[in-house]
Amino acid sequence: MVVLDPNADVLEFFGEHVAHAMRELKVETSVETRGYLVDLLSAFAVSDRIPVLGVPLVGLLKRAQEASGHHRLARMRELGDAALFLCGFFPDSFDQRGVDRTYVVTMGGRAYLVVGRGDHDRGRAAVFAELSGRFGELAAVLDEVREQTAMCTEGAIVRMYERWLETGSVALARRLRRRGLNPLRARRRGVVH
């Protein structure tokens, strides 16, 4: 379990965990994209951005579509950020809302694509292009950070196991083993049907 130091630098804290998650998942990105993920987590941890998570994603999309110019790009970025954060830190919330995760990944990825195409700074545009094209993979990095930082409850572990049963994901099996569970052994013994 991770012990939080109230005097620790939030950027440093998330920087270490994002770097570790990327190593664990064997995900490589540009330095700028990794920095964006750290900034995103830090912003949701200590800012007034949290209320946006209570707005349905379709509401955020509507706001973005009704805006114009740089306001539209800011709203699209807000949508992409919310979708990415939700996919990473609340991966099970979609089932509870009756929303398909693939839909959220597509929505977030397209929002970042719009931002990247509208941003005249090539460096930032490249970051948004990478966020768009690798949205699902980067959401998995945030999910790994959630798990590393002890924000993974027993209920979340059960849901992770259920996702492993459905998908057979090697990455999920590895994460379950780190939690002391060996899903492959249970399946071989006939415990899991």
# chains A, B, ... in the order shown; residues from 1 in each chain; ligands from 1
call {"tool": "select_by_dssp", "arguments": {"residues": "chain A", "states": "alpha helix (DSSP H)", "output": "NGL selection string"}}
result
:A and (10-25 or 31-46 or 57-66 or 69-89 or 93-97 or 101-118 or 122-133 or 135-148 or 154-167 or 170-178 or 183-189)
call {"tool": "closest_atom_pairs", "arguments": {"of": "region 6-33 of chain A", "to": "region 120-135 of chain A", "cutoff": "10 Å", "atoms": "only C-alpha atoms", "output": "tab-separated table"}}
result
residue	atom	partner	partner_atom	distance
A:Thr29	CA	A:Glu130	CA	8.0
A:Ser30	CA	A:Val127	CA	7.8
A:Val31	CA	A:Val127	CA	9.3
A:Glu32	CA	A:Val127	CA	6.5
A:Thr33	CA	A:Val127	CA	5.3
call {"tool": "residues_around", "arguments": {"residues": "region 15-22 of chain A", "least_positions_apart": "5", "cutoff": "12 Å", "atoms": "only C-alpha atoms", "output": "ChimeraX atom specification"}}
result
/A:2,8-10,27-31,33-42,88,137-150,171,175
call {"tool": "write_last_selection", "arguments": {"atoms": "N, CA and C atoms", "output": "mmCIF file, in the first residue's frame"}}
result
data_model
loop_
_atom_site.group_PDB
_atom_site.id
_atom_site.type_symbol
_atom_site.label_atom_id
_atom_site.label_comp_id
_atom_site.auth_asym_id
_atom_site.auth_seq_id
_atom_site.Cartn_x
_atom_site.Cartn_y
_atom_site.Cartn_z
ATOM 1 N N VAL A 2 0.494 2.214 -0.792
ATOM 2 C CA VAL A 2 1.246 3.450 -0.908
ATOM 3 C C VAL A 2 0.815 4.403 0.195
ATOM 4 N N ALA A 8 4.444 15.953 -0.189
ATOM 5 C CA ALA A 8 5.050 15.536 -1.449
ATOM 6 C C ALA A 8 4.522 16.379 -2.603
ATOM 7 N N ASP A 9 5.320 16.524 -3.580
ATOM 8 C CA ASP A 9 4.955 17.227 -4.801
ATOM 9 C C ASP A 9 4.042 16.313 -5.616
ATOM 10 N N VAL A 10 2.857 16.777 -5.953
ATOM 11 C CA VAL A 10 1.883 15.959 -6.672
ATOM 12 C C VAL A 10 2.424 15.559 -8.044
ATOM 13 N N VAL A 27 4.790 0.243 -22.209
ATOM 14 C CA VAL A 27 4.239 1.300 -23.049
ATOM 15 C C VAL A 27 5.274 2.410 -23.150
ATOM 16 N N GLU A 28 5.569 2.810 -24.356
ATOM 17 C CA GLU A 28 6.489 3.917 -24.570
ATOM 18 C C GLU A 28 5.749 5.032 -25.294
ATOM 19 N N THR A 29 5.985 6.254 -24.845
ATOM 20 C CA THR A 29 5.395 7.431 -25.482
ATOM 21 C C THR A 29 6.457 8.508 -25.576
ATOM 22 N N SER A 30 6.081 9.589 -26.202
ATOM 23 C CA SER A 30 6.979 10.732 -26.190
ATOM 24 C C SER A 30 7.036 11.278 -24.769
ATOM 25 N N VAL A 31 8.098 11.979 -24.465
ATOM 26 C CA VAL A 31 8.247 12.599 -23.143
ATOM 27 C C VAL A 31 7.096 13.568 -22.900
ATOM 28 N N THR A 33 4.016 13.452 -24.099
ATOM 29 C CA THR A 33 2.759 12.748 -23.815
ATOM 30 C C THR A 33 2.768 12.192 -22.401
ATOM 31 N N ARG A 34 3.901 11.651 -21.980
ATOM 32 C CA ARG A 34 3.996 11.177 -20.593
ATOM 33 C C ARG A 34 3.780 12.348 -19.637
ATOM 34 N N GLY A 35 4.356 13.493 -19.933
ATOM 35 C CA GLY A 35 4.155 14.688 -19.117
ATOM 36 C C GLY A 35 2.695 15.112 -19.083
ATOM 37 N N TYR A 36 2.004 14.952 -20.211
ATOM 38 C CA TYR A 36 0.584 15.296 -20.265
ATOM 39 C C TYR A 36 -0.213 14.410 -19.310
ATOM 40 N N LEU A 37 0.106 13.109 -19.297
ATOM 41 C CA LEU A 37 -0.592 12.189 -18.393
ATOM 42 C C LEU A 37 -0.356 12.575 -16.933
ATOM 43 N N VAL A 38 0.869 12.936 -16.608
ATOM 44 C CA VAL A 38 1.203 13.363 -15.240
ATOM 45 C C VAL A 38 0.441 14.627 -14.895
ATOM 46 N N ASP A 39 0.429 15.590 -15.803
ATOM 47 C CA ASP A 39 -0.305 16.843 -15.566
ATOM 48 C C ASP A 39 -1.798 16.584 -15.401
ATOM 49 N N LEU A 40 -2.337 15.677 -16.214
ATOM 50 C CA LEU A 40 -3.761 15.345 -16.141
ATOM 51 C C LEU A 40 -4.113 14.782 -14.764
ATOM 52 N N LEU A 41 -3.331 13.811 -14.303
ATOM 53 C CA LEU A 41 -3.592 13.220 -12.990
ATOM 54 C C LEU A 41 -3.432 14.256 -11.882
ATOM 55 N N SER A 42 -2.422 15.066 -11.975
ATOM 56 C CA SER A 42 -2.182 16.094 -10.960
ATOM 57 C C SER A 42 -3.321 17.100 -10.920
ATOM 58 N N GLY A 88 -9.344 5.423 -16.956
ATOM 59 C CA GLY A 88 -8.217 4.978 -16.150
ATOM 60 C C GLY A 88 -8.536 4.781 -14.690
ATOM 61 N N GLU A 137 -4.703 2.367 -24.795
ATOM 62 C CA GLU A 137 -3.433 1.960 -24.186
ATOM 63 C C GLU A 137 -3.039 2.931 -23.062
ATOM 64 N N LEU A 138 -3.266 4.226 -23.277
ATOM 65 C CA LEU A 138 -2.910 5.216 -22.258
ATOM 66 C C LEU A 138 -3.895 5.193 -21.094
ATOM 67 N N ALA A 139 -5.148 4.836 -21.367
ATOM 68 C CA ALA A 139 -6.113 4.650 -20.280
ATOM 69 C C ALA A 139 -5.671 3.481 -19.398
ATOM 70 N N ALA A 140 -5.090 2.445 -20.004
ATOM 71 C CA ALA A 140 -4.572 1.305 -19.233
ATOM 72 C C ALA A 140 -3.419 1.742 -18.333
ATOM 73 N N VAL A 141 -2.617 2.697 -18.795
ATOM 74 C CA VAL A 141 -1.534 3.225 -17.960
ATOM 75 C C VAL A 141 -2.133 3.907 -16.729
ATOM 76 N N LEU A 142 -3.174 4.705 -16.924
ATOM 77 C CA LEU A 142 -3.813 5.374 -15.777
ATOM 78 C C LEU A 142 -4.462 4.354 -14.848
ATOM 79 N N ASP A 143 -5.026 3.301 -15.396
ATOM 80 C CA ASP A 143 -5.611 2.240 -14.580
ATOM 81 C C ASP A 143 -4.527 1.574 -13.732
ATOM 82 N N GLU A 144 -3.359 1.388 -14.314
ATOM 83 C CA GLU A 144 -2.228 0.815 -13.575
ATOM 84 C C GLU A 144 -1.799 1.762 -12.450
ATOM 85 N N VAL A 145 -1.794 3.056 -12.722
ATOM 86 C CA VAL A 145 -1.455 4.038 -11.684
ATOM 87 C C VAL A 145 -2.465 3.948 -10.551
ATOM 88 N N ARG A 146 -3.732 3.830 -10.892
ATOM 89 C CA ARG A 146 -4.792 3.702 -9.871
ATOM 90 C C ARG A 146 -4.500 2.502 -8.984
ATOM 91 N N GLU A 147 -4.137 1.409 -9.597
ATOM 92 C CA GLU A 147 -3.857 0.205 -8.817
ATOM 93 C C GLU A 147 -2.618 0.389 -7.945
ATOM 94 N N GLN A 148 -1.574 0.979 -8.493
ATOM 95 C CA GLN A 148 -0.319 1.186 -7.751
ATOM 96 C C GLN A 148 -0.513 2.069 -6.534
ATOM 97 N N THR A 149 -1.400 3.023 -6.644
ATOM 98 C CA THR A 149 -1.563 4.009 -5.577
ATOM 99 C C THR A 149 -2.605 3.577 -4.553
ATOM 100 N N ALA A 150 -2.893 2.286 -4.532
ATOM 101 C CA ALA A 150 -3.824 1.700 -3.560
ATOM 102 C C ALA A 150 -5.218 2.274 -3.682
ATOM 103 N N ALA A 171 -2.293 -9.040 -19.467
ATOM 104 C CA ALA A 171 -1.989 -7.919 -18.572
ATOM 105 C C ALA A 171 -2.836 -8.000 -17.302
ATOM 106 N N ARG A 175 -1.596 -8.512 -13.379
ATOM 107 C CA ARG A 175 -2.009 -7.625 -12.288
ATOM 108 C C ARG A 175 -2.656 -8.416 -11.157
#
call {"tool": "residues_around", "arguments": {"residues": "Arg110 (chain A)", "least_positions_apart": "4", "cutoff": "9 Å", "atoms": "only C-alpha atoms", "output": "list in words"}}
result
Met76, Gly80, Val105, Thr106, Val114, Val115, Ser132 and Gly133 of chain A
call {"tool": "closest_residue", "arguments": {"among": "A:Arg174, A:Arg75, A:Arg101, A:Arg117", "to": "Cys87 (chain A)", "atoms": "only C-alpha atoms"}}
result
A:Arg101
call {"tool": "atom_distance", "arguments": {"atom1": "CA of Arg49 (chain A)", "atom2": "CA of Phe14 (chain A)"}}
result
16.7 Å
